[in-house]
>>> print(open('upload34.pdb').read())   # PDB, C-alpha atoms
ATOM      1  CA  MET A   1     106.598  77.778 121.647  1.00  0.00           C
ATOM      2  CA  PHE A   2     104.989  77.303 118.225  1.00  0.00           C
ATOM      3  CA  ASN A   3     106.442  78.747 115.030  1.00  0.00           C
ATOM      4  CA  SER A   4     104.179  77.053 112.507  1.00  0.00           C
ATOM      5  CA  LEU A   5     101.753  74.180 112.021  1.00  0.00           C
ATOM      6  CA  SER A   6     101.740  71.941 108.958  1.00  0.00           C
ATOM      7  CA  GLY A   7      98.849  69.644 108.173  1.00  0.00           C
ATOM      8  CA  THR A   8      95.590  69.195 106.288  1.00  0.00           C
ATOM      9  CA  ILE A   9      93.093  72.042 106.111  1.00  0.00           C
ATOM     10  CA  THR A  10      89.744  70.664 107.307  1.00  0.00           C
ATOM     11  CA  GLY A  11      87.682  73.848 107.393  1.00  0.00           C
ATOM     12  CA  LYS A  12      87.710  77.474 106.282  1.00  0.00           C
ATOM     13  CA  PHE A  13      85.332  80.077 107.736  1.00  0.00           C
ATOM     14  CA  PRO A  14      85.322  83.877 108.187  1.00  0.00           C
ATOM     15  CA  GLN A  15      88.436  84.707 110.255  1.00  0.00           C
ATOM     16  CA  LYS A  16      88.969  81.041 111.047  1.00  0.00           C
ATOM     17  CA  VAL A  17      90.670  77.952 109.681  1.00  0.00           C
ATOM     18  CA  PHE A  18      90.845  74.363 110.971  1.00  0.00           C
ATOM     19  CA  ILE A  19      93.993  72.348 110.343  1.00  0.00           C
ATOM     20  CA  ASP A  20      94.570  68.699 111.262  1.00  0.00           C
ATOM     21  CA  THR A  21      98.061  67.658 112.324  1.00  0.00           C
ATOM     22  CA  HIS A  22      98.252  63.893 112.827  1.00  0.00           C
ATOM     23  CA  GLY A  23      94.833  63.595 114.441  1.00  0.00           C
ATOM     24  CA  ILE A  24      94.821  66.906 116.342  1.00  0.00           C
ATOM     25  CA  GLU A  25      92.548  69.519 114.789  1.00  0.00           C
ATOM     26  CA  TRP A  26      93.555  73.091 115.547  1.00  0.00           C
ATOM     27  CA  ASP A  27      91.098  76.000 115.615  1.00  0.00           C
ATOM     28  CA  ILE A  28      93.071  79.011 114.338  1.00  0.00           C
ATOM     29  CA  THR A  29      91.939  82.622 114.041  1.00  0.00           C
ATOM     30  CA  VAL A  30      93.217  84.161 110.795  1.00  0.00           C
ATOM     31  CA  PRO A  31      92.780  87.388 108.797  1.00  0.00           C
ATOM     32  CA  ASP A  32      90.233  86.935 106.026  1.00  0.00           C
ATOM     33  CA  THR A  33      92.994  87.619 103.487  1.00  0.00           C
ATOM     34  CA  ALA A  34      94.723  84.442 104.687  1.00  0.00           C
ATOM     35  CA  LEU A  35      91.716  82.376 103.609  1.00  0.00           C
ATOM     36  CA  ASP A  36      92.414  83.292  99.979  1.00  0.00           C
ATOM     37  CA  ALA A  37      96.164  82.780 100.346  1.00  0.00           C
ATOM     38  CA  LEU A  38      95.839  79.313 101.889  1.00  0.00           C
ATOM     39  CA  PRO A  39      94.955  76.286  99.704  1.00  0.00           C
ATOM     40  CA  PRO A  40      91.426  74.795  99.675  1.00  0.00           C
ATOM     41  CA  VAL A  41      89.974  72.396 102.236  1.00  0.00           C
ATOM     42  CA  GLY A  42      91.589  68.969 101.974  1.00  0.00           C
ATOM     43  CA  SER A  43      94.956  70.366 100.925  1.00  0.00           C
ATOM     44  CA  GLU A  44      98.217  70.317 102.848  1.00  0.00           C
ATOM     45  CA  ALA A  45      99.266  73.702 104.188  1.00  0.00           C
ATOM     46  CA  LYS A  46     101.704  75.460 106.493  1.00  0.00           C
ATOM     47  CA  VAL A  47     100.337  78.142 108.798  1.00  0.00           C
ATOM     48  CA  TYR A  48     102.587  80.491 110.763  1.00  0.00           C
ATOM     49  CA  VAL A  49     101.133  80.876 114.232  1.00  0.00           C
ATOM     50  CA  TRP A  50     101.211  82.892 117.447  1.00  0.00           C
ATOM     51  CA  MET A  51      99.581  81.802 120.704  1.00  0.00           C
ATOM     52  CA  GLN A  52      97.880  84.230 123.062  1.00  0.00           C
ATOM     53  CA  HIS A  53      97.931  82.658 126.518  1.00  0.00           C
ATOM     54  CA  THR A  54      96.584  84.376 129.635  1.00  0.00           C
ATOM     55  CA  ASP A  55      95.071  83.193 132.902  1.00  0.00           C
ATOM     56  CA  SER A  56      91.591  83.308 131.384  1.00  0.00           C
ATOM     57  CA  LEU A  57      92.020  82.356 127.722  1.00  0.00           C
ATOM     58  CA  MET A  58      94.132  80.662 125.096  1.00  0.00           C
ATOM     59  CA  ASN A  59      93.816  81.619 121.432  1.00  0.00           C
ATOM     60  CA  LEU A  60      95.847  80.568 118.408  1.00  0.00           C
ATOM     61  CA  TYR A  61      96.314  83.082 115.589  1.00  0.00           C
ATOM     62  CA  GLY A  62      97.543  82.044 112.157  1.00  0.00           C
ATOM     63  CA  PHE A  63      98.998  83.649 109.031  1.00  0.00           C
ATOM     64  CA  ALA A  64      99.717  82.527 105.489  1.00  0.00           C
ATOM     65  CA  SER A  65     103.274  83.910 105.605  1.00  0.00           C
ATOM     66  CA  ALA A  66     105.917  84.950 108.089  1.00  0.00           C
ATOM     67  CA  GLN A  67     105.683  88.489 106.692  1.00  0.00           C
ATOM     68  CA  ASP A  68     101.985  88.669 107.560  1.00  0.00           C
ATOM     69  CA  ARG A  69     102.782  87.539 111.084  1.00  0.00           C
ATOM     70  CA  GLU A  70     105.405  90.285 111.407  1.00  0.00           C
ATOM     71  CA  LEU A  71     102.760  92.829 110.370  1.00  0.00           C
ATOM     72  CA  PHE A  72     100.479  91.415 113.067  1.00  0.00           C
ATOM     73  CA  PHE A  73     103.237  91.904 115.661  1.00  0.00           C
ATOM     74  CA  ASP A  74     103.797  95.468 114.449  1.00  0.00           C
ATOM     75  CA  LEU A  75     100.111  96.277 114.842  1.00  0.00           C
ATOM     76  CA  LEU A  76     100.143  94.909 118.388  1.00  0.00           C
ATOM     77  CA  LYS A  77     102.731  97.559 119.285  1.00  0.00           C
ATOM     78  CA  VAL A  78     100.091 100.256 118.778  1.00  0.00           C
ATOM     79  CA  GLU A  79      98.235 101.207 121.946  1.00  0.00           C
ATOM     80  CA  GLY A  80      94.609 100.144 121.706  1.00  0.00           C
ATOM     81  CA  ILE A  81      95.112  97.425 119.085  1.00  0.00           C
ATOM     82  CA  GLY A  82      94.755  93.897 120.419  1.00  0.00           C
ATOM     83  CA  PRO A  83      95.016  90.583 118.550  1.00  0.00           C
ATOM     84  CA  LYS A  84      91.385  90.556 117.370  1.00  0.00           C
ATOM     85  CA  ALA A  85      91.562  94.144 116.124  1.00  0.00           C
ATOM     86  CA  ALA A  86      94.867  93.451 114.348  1.00  0.00           C
ATOM     87  CA  VAL A  87      93.345  90.452 112.559  1.00  0.00           C
ATOM     88  CA  LYS A  88      90.338  92.545 111.499  1.00  0.00           C
ATOM     89  CA  ILE A  89      92.571  95.306 110.124  1.00  0.00           C
ATOM     90  CA  MET A  90      94.737  92.836 108.222  1.00  0.00           C
ATOM     91  CA  GLY A  91      91.642  91.226 106.744  1.00  0.00           C
ATOM     92  CA  ASN A  92      90.562  94.506 105.179  1.00  0.00           C
ATOM     93  CA  ILE A  93      93.743  95.977 103.725  1.00  0.00           C
ATOM     94  CA  SER A  94      96.850  94.613 102.028  1.00  0.00           C
ATOM     95  CA  PHE A  95     100.347  94.988 103.433  1.00  0.00           C
ATOM     96  CA  GLU A  96     101.353  97.236 100.527  1.00  0.00           C
ATOM     97  CA  SER A  97      98.307  99.519 100.862  1.00  0.00           C
ATOM     98  CA  LEU A  98      98.690  99.863 104.617  1.00  0.00           C
ATOM     99  CA  SER A  99     102.399 100.637 104.298  1.00  0.00           C
ATOM    100  CA  GLY A 100     101.672 103.321 101.696  1.00  0.00           C
ATOM    101  CA  ILE A 101      98.958 104.960 103.795  1.00  0.00           C
ATOM    102  CA  LEU A 102     101.137 104.996 106.898  1.00  0.00           C
ATOM    103  CA  ASP A 103     104.124 106.439 105.037  1.00  0.00           C
ATOM    104  CA  SER A 104     101.976 109.233 103.594  1.00  0.00           C
ATOM    105  CA  GLY A 105     100.440 109.968 107.004  1.00  0.00           C
ATOM    106  CA  ASP A 106      96.936 109.865 105.499  1.00  0.00           C
ATOM    107  CA  VAL A 107      94.725 109.676 108.594  1.00  0.00           C
ATOM    108  CA  ASP A 108      91.516 109.961 106.569  1.00  0.00           C
ATOM    109  CA  ALA A 109      92.392 106.992 104.370  1.00  0.00           C
ATOM    110  CA  LEU A 110      93.385 104.938 107.398  1.00  0.00           C
ATOM    111  CA  GLN A 111      90.055 105.643 109.102  1.00  0.00           C
ATOM    112  CA  LYS A 112      88.266 103.978 106.182  1.00  0.00           C
ATOM    113  CA  VAL A 113      89.764 100.635 107.225  1.00  0.00           C
ATOM    114  CA  PRO A 114      87.173  98.742 109.321  1.00  0.00           C
ATOM    115  CA  GLY A 115      88.185  98.714 112.970  1.00  0.00           C
ATOM    116  CA  VAL A 116      90.312 101.870 112.795  1.00  0.00           C
ATOM    117  CA  GLY A 117      88.979 105.076 114.375  1.00  0.00           C
ATOM    118  CA  LYS A 118      90.514 108.545 114.299  1.00  0.00           C
ATOM    119  CA  LYS A 119      92.547 108.121 117.500  1.00  0.00           C
ATOM    120  CA  THR A 120      93.764 104.663 116.535  1.00  0.00           C
ATOM    121  CA  ALA A 121      94.726 105.922 113.064  1.00  0.00           C
ATOM    122  CA  ALA A 122      96.809 108.710 114.585  1.00  0.00           C
ATOM    123  CA  LYS A 123      98.528 106.257 116.933  1.00  0.00           C
ATOM    124  CA  MET A 124      99.260 103.856 114.067  1.00  0.00           C
ATOM    125  CA  ILE A 125     100.904 106.589 112.015  1.00  0.00           C
ATOM    126  CA  LEU A 126     102.942 107.772 115.001  1.00  0.00           C
ATOM    127  CA  GLN A 127     104.094 104.243 115.862  1.00  0.00           C
ATOM    128  CA  LEU A 128     104.485 102.619 112.431  1.00  0.00           C
ATOM    129  CA  LYS A 129     105.148 105.337 109.839  1.00  0.00           C
ATOM    130  CA  GLY A 130     108.208 104.420 107.815  1.00  0.00           C
ATOM    131  CA  LYS A 131     108.619 101.088 109.585  1.00  0.00           C
ATOM    132  CA  LEU A 132     106.566  98.753 107.382  1.00  0.00           C
ATOM    133  CA  THR A 133     108.738  97.807 104.426  1.00  0.00           C
ATOM    134  CA  LEU A 134     108.632  94.867 102.058  1.00  0.00           C
ATOM    135  CA  PRO A 135     111.546  92.523 102.803  1.00  0.00           C
ATOM    136  CA  SER A 136     114.488  92.568 100.420  1.00  0.00           C
ATOM    137  CA  GLU A 137     115.868  89.334  98.993  1.00  0.00           C
ATOM    138  CA  ASN A 138     118.653  89.296 101.591  1.00  0.00           C
ATOM    139  CA  GLN A 139     116.206  89.875 104.449  1.00  0.00           C
ATOM    140  CA  THR A 140     114.054  87.015 103.198  1.00  0.00           C
ATOM    141  CA  VAL A 141     117.029  84.670 103.145  1.00  0.00           C
ATOM    142  CA  ARG A 142     118.067  85.759 106.626  1.00  0.00           C
ATOM    143  CA  SER A 143     114.556  85.240 107.924  1.00  0.00           C
ATOM    144  CA  THR A 144     114.478  81.733 106.483  1.00  0.00           C
ATOM    145  CA  GLU A 145     117.829  80.929 108.053  1.00  0.00           C
ATOM    146  CA  SER A 146     116.604  82.126 111.452  1.00  0.00           C
ATOM    147  CA  SER A 147     113.379  80.103 111.289  1.00  0.00           C
ATOM    148  CA  ASN A 148     115.239  77.124 112.782  1.00  0.00           C
ATOM    149  CA  PHE A 149     115.709  79.223 115.904  1.00  0.00           C
ATOM    150  CA  ALA A 150     112.251  80.763 116.235  1.00  0.00           C
ATOM    151  CA  ASP A 151     112.149  79.748 119.902  1.00  0.00           C
ATOM    152  CA  VAL A 152     115.299  81.786 120.560  1.00  0.00           C
ATOM    153  CA  ILE A 153     113.767  84.806 118.854  1.00  0.00           C
ATOM    154  CA  SER A 154     110.556  84.388 120.855  1.00  0.00           C
ATOM    155  CA  ALA A 155     112.533  84.144 124.104  1.00  0.00           C
ATOM    156  CA  LEU A 156     114.310  87.402 123.303  1.00  0.00           C
ATOM    157  CA  VAL A 157     111.018  89.095 122.453  1.00  0.00           C
ATOM    158  CA  ASN A 158     109.542  87.919 125.752  1.00  0.00           C
ATOM    159  CA  MET A 159     112.478  89.627 127.485  1.00  0.00           C
ATOM    160  CA  GLY A 160     111.500  92.924 125.871  1.00  0.00           C
ATOM    161  CA  TYR A 161     113.676  93.031 122.738  1.00  0.00           C
ATOM    162  CA  ASP A 162     112.224  94.113 119.390  1.00  0.00           C
ATOM    163  CA  ARG A 163     111.273  91.102 117.258  1.00  0.00           C
ATOM    164  CA  LYS A 164     112.906  92.366 114.071  1.00  0.00           C
ATOM    165  CA  ASP A 165     116.121  93.239 115.915  1.00  0.00           C
ATOM    166  CA  ALA A 166     116.099  89.802 117.570  1.00  0.00           C
ATOM    167  CA  SER A 167     115.516  88.065 114.232  1.00  0.00           C
ATOM    168  CA  LEU A 168     118.375  89.945 112.562  1.00  0.00           C
ATOM    169  CA  ALA A 169     120.726  89.248 115.472  1.00  0.00           C
ATOM    170  CA  VAL A 170     119.903  85.540 115.580  1.00  0.00           C
ATOM    171  CA  GLY A 171     120.316  85.235 111.805  1.00  0.00           C
ATOM    172  CA  ALA A 172     123.735  86.906 111.900  1.00  0.00           C
ATOM    173  CA  ILE A 173     124.907  84.807 114.846  1.00  0.00           C
ATOM    174  CA  GLU A 174     123.697  81.592 113.240  1.00  0.00           C
ATOM    175  CA  LYS A 175     125.552  82.419 110.025  1.00  0.00           C
ATOM    176  CA  ARG A 176     128.744  83.188 111.938  1.00  0.00           C
ATOM    177  CA  LEU A 177     128.625  80.119 114.174  1.00  0.00           C
ATOM    178  CA  SER A 178     127.718  77.760 111.334  1.00  0.00           C
ATOM    179  CA  GLU A 179     131.314  78.053 110.143  1.00  0.00           C
ATOM    180  CA  ASP A 180     132.442  76.331 113.359  1.00  0.00           C
ATOM    181  CA  PRO A 181     132.466  72.489 112.948  1.00  0.00           C
ATOM    182  CA  ASP A 182     131.765  72.016 116.681  1.00  0.00           C
ATOM    183  CA  PHE A 183     128.623  74.120 116.384  1.00  0.00           C
ATOM    184  CA  ALA A 184     127.467  72.303 113.254  1.00  0.00           C
ATOM    185  CA  SER A 185     127.738  68.935 115.002  1.00  0.00           C
ATOM    186  CA  SER A 186     125.938  70.066 118.171  1.00  0.00           C
ATOM    187  CA  SER A 187     122.363  69.135 119.034  1.00  0.00           C
ATOM    188  CA  GLN A 188     119.567  71.584 118.309  1.00  0.00           C
ATOM    189  CA  GLN A 189     119.189  72.352 122.006  1.00  0.00           C
ATOM    190  CA  LYS A 190     122.876  73.202 122.403  1.00  0.00           C
ATOM    191  CA  LYS A 191     122.766  75.370 119.290  1.00  0.00           C
ATOM    192  CA  GLU A 192     119.788  77.277 120.682  1.00  0.00           C
ATOM    193  CA  GLU A 193     121.488  77.800 124.041  1.00  0.00           C
ATOM    194  CA  LEU A 194     124.678  79.056 122.405  1.00  0.00           C
ATOM    195  CA  ILE A 195     122.885  81.414 120.025  1.00  0.00           C
ATOM    196  CA  PHE A 196     120.727  82.720 122.870  1.00  0.00           C
ATOM    197  CA  ARG A 197     123.794  83.538 124.992  1.00  0.00           C
ATOM    198  CA  HIS A 198     125.522  85.289 122.095  1.00  0.00           C
ATOM    199  CA  ALA A 199     122.360  87.244 121.268  1.00  0.00           C
ATOM    200  CA  LEU A 200     121.976  88.448 124.857  1.00  0.00           C
ATOM    201  CA  VAL A 201     125.533  89.761 124.845  1.00  0.00           C
ATOM    202  CA  GLU A 202     125.223  91.489 121.476  1.00  0.00           C
ATOM    203  CA  MET A 203     121.773  92.995 122.041  1.00  0.00           C
ATOM    204  CA  SER A 204     122.669  94.365 125.479  1.00  0.00           C
ATOM    205  CA  LYS A 205     125.483  96.482 124.060  1.00  0.00           C
TER     206      LYS A 205
END
>>> encode(input="upload34.pdb", output="structure tokens")
Amino acid sequence: MFNSLSGTITGKFPQKVFIDTHGIEWDITVPDTALDALPPVGSEAKVYVWMQHTDSLMNLYGFASAQDRELFFDLLKVEGIGPKAAVKIMGNISFESLSGILDSGDVDALQKVPGVGKKTAAKMILQLKGKLTLPSENQTVRSTESSNFADVISALVNMGYDRKDASLAVGAIEKRLSEDPDFASSSQQKKEELIFRHALVEMSK
């Protein structure tokens, strides 16, 4: 499972960026806002990614920050919004503006965002109102700490757990276990297995 790709940006196009990682050039679909946030062609960059893999297709979606990727995941929770629609929405409105519109329940304002119709706007407000908040300093630190165990978080999400809940649980478990010398000296694989087992127990309560 991918968490991010770091390499040289070799191309930037509408809703698309190419990034070369040691001779492999990745074709990544991104919101247009990410094009401005990422450095120019020829520069080194880190792109947070998510892979859509089905029997008939494989697409890689990218984001300039982990927060943008979380917004993408939140949009996917809304019935009728797929990956392409989520990318289009994100490319036409900022996180702050979208959060404000959702919190106010302004359906008319939401319908002005390209790709959002009346029914979709109503569903977005019902599903996401009050749930899109800018991360606090502590949340940002916790998210950074948990980034070493992104595969564990993804595994929990694939089992049906909420991504934010999984991220918070993994961050708390990692912090607690890091005080154990045996854990600190373990391999990455063993750490992941241990954190995964603890997370399953705690999140099933």
>>> residues_around(input="upload34.pdb", residues="Ala166 in chain A", least_positions_apart="4", cutoff="9 Å", atoms="only C-alpha atoms", output="list of chain:residue names")
A:Val152, A:Ile153, A:Ser154, A:Leu156, A:Val157, A:Tyr161, A:Asp162, A:Val170, A:Gly171, A:Ala199, A:Met203
>>> atom_distance(input="upload34.pdb", atom1="CA of Ile101 in chain A", atom2="CA of Pro31 in chain A")
19.3 Å
>>> residues_near_point(input="upload34.pdb", point="(122.1, 80.2, 121.9)", cutoff="12 Å", atoms="only C-alpha atoms", output="PyMOL selection string")
chain A and resi 146+148-153+155-156+169-171+173-174+177+183+186-202
>>> atom_distance(input="upload34.pdb", atom1="CA of Ser6 in chain A", atom2="CA of His53 in chain A")
20.9 Å
>>> atom_distance(input="upload34.pdb", atom1="CA of Thr10 in chain A", atom2="CA of Asn59 in chain A")
18.3 Å
>>> residues_around(input="upload34.pdb", residues="Gly82 in chain A", least_positions_apart="5", cutoff="10 Å", atoms="only C-alpha atoms", output="PyMOL selection string")
chain A and resi 72-73+75-77+87
>>> write_last_selection(input="upload34.pdb", atoms="C-alpha atoms", output="mmCIF file, in the coordinates of the input")
data_model
loop_
_atom_site.group_PDB
_atom_site.id
_atom_site.type_symbol
_atom_site.label_atom_id
_atom_site.label_comp_id
_atom_site.auth_asym_id
_atom_site.auth_seq_id
_atom_site.Cartn_x
_atom_site.Cartn_y
_atom_site.Cartn_z
ATOM 1 C CA PHE A 72 100.479 91.415 113.067
ATOM 2 C CA PHE A 73 103.237 91.904 115.661
ATOM 3 C CA LEU A 75 100.111 96.277 114.842
ATOM 4 C CA LEU A 76 100.143 94.909 118.388
ATOM 5 C CA LYS A 77 102.731 97.559 119.285
ATOM 6 C CA VAL A 87 93.345 90.452 112.559
#
>>> closest_residue(input="upload34.pdb", among="A:Thr21, A:Ser204, A:Ser43, A:Val30", to="Gly160 in chain A", atoms="all atoms listed in the file")
A:Ser204
>>> resolve_selection(input="upload34.pdb", expression="the PyMOL selection byres ((chain A and resi 3-5) around 7)", output="number ranges by chain")
A: 1-2, 6-7, 46-49, 150
